[in-house]
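For reference, coords16.json is printed below; it contains JSON, C-alpha atoms.
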[["chain", "number", "residue", "atom", "x", "y", "z"],
["A", 24, "MET", "CA", -31.21, -8.24, 2.83],
["A", 25, "ILE", "CA", -30.80, -4.48, 2.94],
["A", 26, "ILE", "CA", -28.71, -2.50, 0.50],
["A", 27, "ASP", "CA", -28.35, 0.95, 2.01],
["A", 28, "THR", "CA", -28.65, 3.85, -0.43],
["A", 29, "ALA", "CA", -26.05, 5.71, 1.61],
["A", 30, "ILE", "CA", -23.31, 3.16, 0.86],
["A", 31, "THR", "CA", -20.02, 4.86, 0.09],
["A", 32, "LEU", "CA", -16.92, 3.41, -1.50],
["A", 33, "HIS", "CA", -13.89, 3.75, 0.72],
["A", 34, "GLU", "CA", -10.46, 3.35, -0.78],
["A", 35, "GLN", "CA", -8.51, 0.31, 0.29],
["A", 36, "PRO", "CA", -5.73, 1.19, 2.73],
["A", 37, "THR", "CA", -2.53, 2.12, 0.97],
["A", 38, "PRO", "CA", 0.26, -0.34, 1.75],
["A", 39, "SER", "CA", 2.79, 0.97, 4.23],
["A", 40, "ALA", "CA", 5.90, 2.56, 2.79],
["A", 41, "PHE", "CA", 7.95, -0.35, 4.17],
["A", 42, "ASN", "CA", 5.81, -3.04, 2.56],
["A", 43, "ALA", "CA", 5.60, -1.23, -0.77],
["A", 44, "ALA", "CA", 9.34, -0.60, -0.78],
["A", 45, "ALA", "CA", 10.11, -4.19, 0.22],
["A", 46, "GLU", "CA", 7.93, -5.58, -2.57],
["A", 47, "ALA", "CA", 9.49, -3.25, -5.13],
["A", 48, "ALA", "CA", 12.94, -4.31, -3.91],
["A", 49, "CYS", "CA", 11.98, -7.97, -4.40],
["A", 50, "LEU", "CA", 11.04, -7.32, -8.00],
["A", 51, "ARG", "CA", 14.24, -5.43, -8.70],
["A", 52, "ALA", "CA", 16.34, -8.17, -7.10],
["A", 53, "ALA", "CA", 14.43, -10.84, -9.04],
["A", 54, "ARG", "CA", 15.74, -9.40, -12.30],
["A", 55, "ASP", "CA", 19.11, -10.93, -11.43],
["A", 56, "ASP", "CA", 17.90, -13.81, -9.27],
["A", 57, "LEU", "CA", 14.42, -15.26, -9.86],
["A", 58, "GLU", "CA", 14.44, -16.86, -6.42],
["A", 59, "GLN", "CA", 13.91, -13.34, -5.07],
["A", 60, "PHE", "CA", 10.47, -13.40, -6.68],
["A", 61, "ALA", "CA", 9.28, -16.09, -4.23],
["A", 62, "PRO", "CA", 7.90, -13.68, -1.57],
["A", 63, "ILE", "CA", 5.78, -11.92, -4.22],
["A", 64, "TYR", "CA", 4.43, -15.25, -5.47],
["A", 65, "GLU", "CA", 3.59, -16.39, -1.94],
["A", 66, "ARG", "CA", 1.94, -13.10, -1.01],
["A", 67, "TYR", "CA", -0.22, -12.72, -4.12],
["A", 68, "PHE", "CA", -0.92, -16.23, -5.36],
["A", 69, "THR", "CA", -4.22, -16.59, -3.46],
["A", 70, "ARG", "CA", -5.55, -13.20, -4.57],
["A", 71, "VAL", "CA", -4.60, -13.70, -8.21],
["A", 72, "TYR", "CA", -6.10, -17.19, -8.23],
["A", 73, "ALA", "CA", -9.32, -15.89, -6.64],
["A", 74, "TYR", "CA", -9.52, -13.15, -9.28],
["A", 75, "CYS", "CA", -9.07, -15.68, -12.09],
["A", 76, "LEU", "CA", -11.55, -18.14, -10.59],
["A", 77, "ARG", "CA", -14.26, -15.49, -10.45],
["A", 78, "ARG", "CA", -13.55, -14.48, -14.03],
["A", 79, "VAL", "CA", -13.60, -17.98, -15.55],
["A", 80, "ASP", "CA", -15.58, -20.01, -12.98],
["A", 81, "ASP", "CA", -13.44, -23.10, -13.51],
["A", 82, "PRO", "CA", -10.79, -24.16, -10.94],
["A", 83, "GLN", "CA", -8.49, -25.82, -13.48],
["A", 84, "GLU", "CA", -8.64, -22.88, -15.89],
["A", 85, "ALA", "CA", -8.10, -20.47, -12.99],
["A", 86, "GLU", "CA", -5.05, -22.45, -11.89],
["A", 87, "ASP", "CA", -3.66, -22.48, -15.43],
["A", 88, "LEU", "CA", -4.26, -18.75, -15.81],
["A", 89, "THR", "CA", -2.65, -18.02, -12.45],
["A", 90, "SER", "CA", 0.46, -19.95, -13.48],
["A", 91, "LEU", "CA", 0.52, -18.09, -16.79],
["A", 92, "ILE", "CA", 0.16, -14.72, -15.03],
["A", 93, "PHE", "CA", 3.09, -15.36, -12.69],
["A", 94, "THR", "CA", 5.17, -16.71, -15.56],
["A", 95, "ARG", "CA", 4.49, -13.54, -17.52],
["A", 96, "ALA", "CA", 5.29, -11.46, -14.46],
["A", 97, "MET", "CA", 8.66, -13.19, -14.02],
["A", 98, "THR", "CA", 9.51, -12.76, -17.69],
["A", 99, "SER", "CA", 8.46, -9.10, -17.63],
["A", 100, "LEU", "CA", 10.35, -7.91, -14.57],
["A", 101, "ASP", "CA", 12.23, -5.36, -16.62],
["A", 102, "GLN", "CA", 8.89, -3.73, -17.46],
["A", 103, "TYR", "CA", 8.11, -2.94, -13.82],
["A", 104, "ARG", "CA", 8.52, 0.81, -13.42],
["A", 105, "GLY", "CA", 7.69, 1.20, -9.75],
["A", 106, "GLY", "CA", 4.40, 1.72, -7.93],
["A", 107, "LEU", "CA", 2.24, -0.86, -6.20],
["A", 108, "VAL", "CA", 3.29, -4.40, -7.01],
["A", 109, "ALA", "CA", -0.36, -5.47, -6.62],
["A", 110, "ALA", "CA", -1.40, -3.05, -9.36],
["A", 111, "TRP", "CA", 1.37, -4.29, -11.65],
["A", 112, "LEU", "CA", 0.38, -7.93, -11.10],
["A", 113, "PHE", "CA", -3.34, -7.34, -11.54],
["A", 114, "ARG", "CA", -2.70, -5.39, -14.73],
["A", 115, "ILE", "CA", -1.01, -8.53, -16.06],
["A", 116, "ALA", "CA", -3.89, -10.65, -14.69],
["A", 117, "HIS", "CA", -6.51, -8.38, -16.26],
["A", 118, "ASN", "CA", -4.88, -8.55, -19.70],
["A", 119, "THR", "CA", -4.31, -12.30, -19.45],
["A", 120, "VAL", "CA", -7.94, -13.00, -18.60],
["A", 121, "ILE", "CA", -9.19, -10.70, -21.38],
["A", 122, "ASN", "CA", -7.03, -12.54, -23.89],
["A", 123, "HIS", "CA", -8.32, -15.85, -22.53],
["A", 124, "HIS", "CA", -11.93, -14.74, -23.00],
["A", 125, "LYS", "CA", -11.19, -13.58, -26.53],
["A", 126, "ALA", "CA", -9.61, -16.93, -27.32],
["A", 127, "THR", "CA", -12.42, -18.99, -25.83],
["A", 128, "ARG", "CA", -15.29, -16.60, -26.70],
["A", 129, "ARG", "CA", -17.00, -17.28, -23.41],
["A", 130, "THR", "CA", -18.68, -15.14, -20.80],
["A", 131, "LEU", "CA", -18.90, -16.98, -17.52],
["A", 132, "PRO", "CA", -20.69, -16.11, -14.27],
["A", 133, "LEU", "CA", -19.28, -14.42, -11.20],
["A", 134, "ASP", "CA", -19.60, -15.90, -7.71],
["A", 135, "THR", "CA", -21.53, -12.83, -6.64],
["A", 136, "ALA", "CA", -22.55, -13.73, -3.11],
["A", 137, "GLU", "CA", -19.01, -14.51, -2.02],
["A", 138, "LEU", "CA", -17.62, -11.51, -3.86],
["A", 139, "MET", "CA", -19.95, -8.99, -2.29],
["A", 140, "ALA", "CA", -19.92, -10.56, 1.15],
["A", 141, "GLY", "CA", -16.14, -10.26, 1.17],
["A", 142, "ASN", "CA", -16.16, -6.46, 1.41],
["A", 143, "ALA", "CA", -18.37, -4.69, 3.95],
["A", 144, "ASN", "CA", -17.51, -1.31, 2.39],
["A", 145, "LEU", "CA", -19.33, -2.27, -0.79],
["A", 146, "LEU", "CA", -22.48, -3.75, 0.72],
["A", 147, "GLU", "CA", -23.57, -3.44, 4.34],
["A", 148, "ARG", "CA", -25.44, -6.68, 4.77],
["A", 149, "ILE", "CA", -25.97, -9.78, 2.70],
["A", 150, "ILE", "CA", -27.89, -12.83, 3.83],
["A", 151, "LEU", "CA", -26.18, -15.79, 2.21],
["A", 152, "SER", "CA", -27.54, -19.18, 1.07],
["A", 153, "GLU", "CA", -31.13, -18.35, 0.10],
["A", 154, "GLU", "CA", -30.01, -15.00, -1.35],
["A", 155, "GLN", "CA", -27.19, -16.46, -3.42],
["A", 156, "GLN", "CA", -29.16, -17.09, -6.60],
["A", 157, "THR", "CA", -30.75, -13.65, -6.39],
["A", 158, "LEU", "CA", -27.35, -12.00, -6.03],
["A", 159, "GLN", "CA", -25.92, -14.02, -8.89],
["A", 160, "ALA", "CA", -28.77, -12.94, -11.14],
["A", 161, "MET", "CA", -28.28, -9.31, -10.13],
["A", 162, "VAL", "CA", -24.63, -9.12, -11.08],
["A", 163, "ASP", "CA", -25.17, -11.24, -14.18],
["A", 164, "GLN", "CA", -27.22, -8.32, -15.48],
["A", 165, "LEU", "CA", -24.15, -6.08, -15.31],
["A", 166, "PRO", "CA", -21.86, -5.75, -18.34],
["A", 167, "ARG", "CA", -18.57, -7.64, -18.13],
["A", 168, "ASP", "CA", -16.52, -4.46, -17.67],
["A", 169, "GLN", "CA", -18.58, -3.51, -14.61],
["A", 170, "ARG", "CA", -18.16, -6.97, -13.09],
["A", 171, "ASN", "CA", -14.43, -6.64, -13.68],
["A", 172, "LEU", "CA", -14.31, -3.32, -11.80],
["A", 173, "LEU", "CA", -15.94, -5.00, -8.81],
["A", 174, "LEU", "CA", -13.38, -7.80, -8.92],
["A", 175, "LEU", "CA", -10.41, -5.46, -9.09],
["A", 176, "LYS", "CA", -11.83, -3.49, -6.17],
["A", 177, "VAL", "CA", -12.90, -6.37, -3.95],
["A", 178, "ILE", "CA", -10.54, -9.22, -4.84],
["A", 179, "GLY", "CA", -7.59, -7.17, -6.02],
["A", 180, "GLY", "CA", -8.01, -4.72, -3.15],
["A", 181, "LEU", "CA", -6.79, -1.93, -5.41],
["A", 182, "PRO", "CA", -7.45, 1.79, -4.96],
["A", 183, "SER", "CA", -9.34, 3.61, -7.69],
["A", 184, "HIS", "CA", -6.29, 5.23, -9.26],
["A", 185, "GLU", "CA", -4.58, 1.85, -9.73],
["A", 186, "ILE", "CA", -7.76, 0.29, -11.14],
["A", 187, "GLY", "CA", -7.89, 3.23, -13.51],
["A", 188, "LYS", "CA", -4.40, 2.48, -14.81],
["A", 189, "ILE", "CA", -5.42, -1.11, -15.50],
["A", 190, "VAL", "CA", -8.68, -0.38, -17.31],
["A", 191, "GLY", "CA", -7.64, 2.90, -18.92],
["A", 192, "LYS", "CA", -9.78, 5.29, -16.89],
["A", 193, "SER", "CA", -9.10, 8.11, -14.47],
["A", 194, "ALA", "CA", -9.39, 7.49, -10.74],
["A", 195, "GLY", "CA", -12.42, 9.76, -10.65],
["A", 196, "SER", "CA", -14.09, 7.82, -13.44],
["A", 197, "VAL", "CA", -13.49, 4.55, -11.60],
["A", 198, "ARG", "CA", -14.99, 5.92, -8.38],
["A", 199, "VAL", "CA", -18.03, 7.20, -10.26],
["A", 200, "ALA", "CA", -18.38, 3.89, -12.12],
["A", 201, "LEU", "CA", -18.23, 1.86, -8.90],
["A", 202, "HIS", "CA", -20.79, 4.14, -7.28],
["A", 203, "ARG", "CA", -23.10, 3.74, -10.27],
["A", 204, "ILE", "CA", -22.66, -0.03, -10.22],
["A", 205, "LEU", "CA", -23.76, -0.17, -6.59],
["A", 206, "HIS", "CA", -26.66, 2.15, -7.32],
["A", 207, "GLN", "CA", -27.68, -0.05, -10.24],
["A", 208, "LEU", "CA", -27.52, -3.14, -8.02],
["A", 209, "GLN", "CA", -29.70, -1.38, -5.47],
["A", 210, "ILE", "CA", -32.31, -0.66, -8.13],
["A", 211, "ILE", "CA", -32.22, -4.23, -9.43],
["A", 212, "TYR", "CA", -32.61, -5.57, -5.90],
["A", 213, "ARG", "CA", -35.53, -3.26, -5.08],
["A", 214, "GLN", "CA", -37.27, -4.36, -8.27],
["A", 215, "HIS", "CA", -36.75, -7.97, -7.24],
["A", 216, "GLU", "CA", -38.18, -7.25, -3.79],
["A", 217, "GLU", "CA", -41.22, -5.49, -5.25],
["A", 218, "ASN", "CA", -41.88, -8.36, -7.63],
["A", 219, "SER", "CA", -41.56, -10.83, -4.77],
["A", 220, "ASP", "CA", -44.04, -8.83, -2.68],
["A", 221, "ASP", "CA", -46.52, -8.71, -5.57],
["A", 222, "ASN", "CA", -46.30, -12.46, -5.99],
["A", 223, "THR", "CA", -47.14, -13.06, -2.33],
["A", 224, "ILE", "CA", -50.35, -11.01, -2.42]]

Written as structure tokens, that's how I'd like the structure from this file.
Amino acid sequence: MIIDTAITLHEQPTPSAFNAAAEAACLRAARDDLEQFAPIYERYFTRVYAYCLRRVDDPQEAEDLTSLIFTRAMTSLDQYRGGLVAAWLFRIAHNTVINHHKATRRTLPLDTAELMAGNANLLERIILSEEQQTLQAMVDQLPRDQRNLLLLKVIGGLPSHEIGKIVGKSAGSVRVALHRILHQLQIIYRQHEENSDDNTI
């Protein structure tokens, strides 16, 4: 596995004006008719569930949290003030998961190999299977807030400025934080490689 030191973080493509406008229109219409929320649910259910699953590492809990998130979204339609619907939903998801962790007092692992392999802009190459435990251990060394940034970027597919709104940071701070996270992972991986080489001598 090679983690290139020249890796750069590219912003996720901004949704087209039509898609963004159509999603916003769905939310506005859903205020008077909840059936209009159905396209939003269908479009984002998989992504929200994947985000929850990687935060709690339990399919049933992830399913329960996903249901709770969409319920809260439907009961908070009047709080939507425009902007990316994805960012609005993942802000609700972020807060819901944080409250869940506070209530259960648990810190659970992240499916690191799948997470990183899902976005070529974050890591250039990952060899799966035999590397999975190594990758898991690497990200487990990161603080929870750093793991959450990776999730919002990779699973949520959000640009830095929207992640910033969710976690209370500027877009620049998020970009710097993500860059530092990758750099830290590179260092951890190199240390692992060096230790492995020493053990084979």

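Taking all atoms listed in the file into account, Asn118 in chain A lies nearest to A:Ile189 out of the set A:Ala96, A:Ala200, A:Ile189, A:Ile178.
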
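Coordinates place CA of Ala44 in chain A at a distance of 15.9 Å from CA of Ala61 in chain A.
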
Nearest to Leu88 in chain A by atom-to-atom distance, counting all atoms listed in the file, from A:Ala73, A:Ile115, A:Ala45, A:Val120:
A:Val120

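Straight-line separation from CA of Leu201 in chain A to CA of Leu172 in chain A: 7.1 Å.
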
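Distances from A:Thr69, A:Thr89, A:Arg77, A:Arg104 to Leu50 in chain A were compared using only C-alpha atoms, and the smallest one belongs to A:Arg104.
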
Can you tell me which residues surround Thr119 in chain A at a distance of at most 12 Å, considering only C-alpha atoms, apart from same-chain residues fewer than 3 positions away, and format the answer as a ChimeraX atom specification?
/A:71,74-75,78-79,84-85,87-96,112-116,122-126,189

CA of Ile63 in chain A and CA of Asp101 in chain A, how far apart in Å?
15.4 Å

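With distances restricted to all atoms listed in the file, A:Tyr67 is the closest residue to Gly179 in chain A from A:Tyr212, A:Tyr103, A:Phe60, A:Tyr67.
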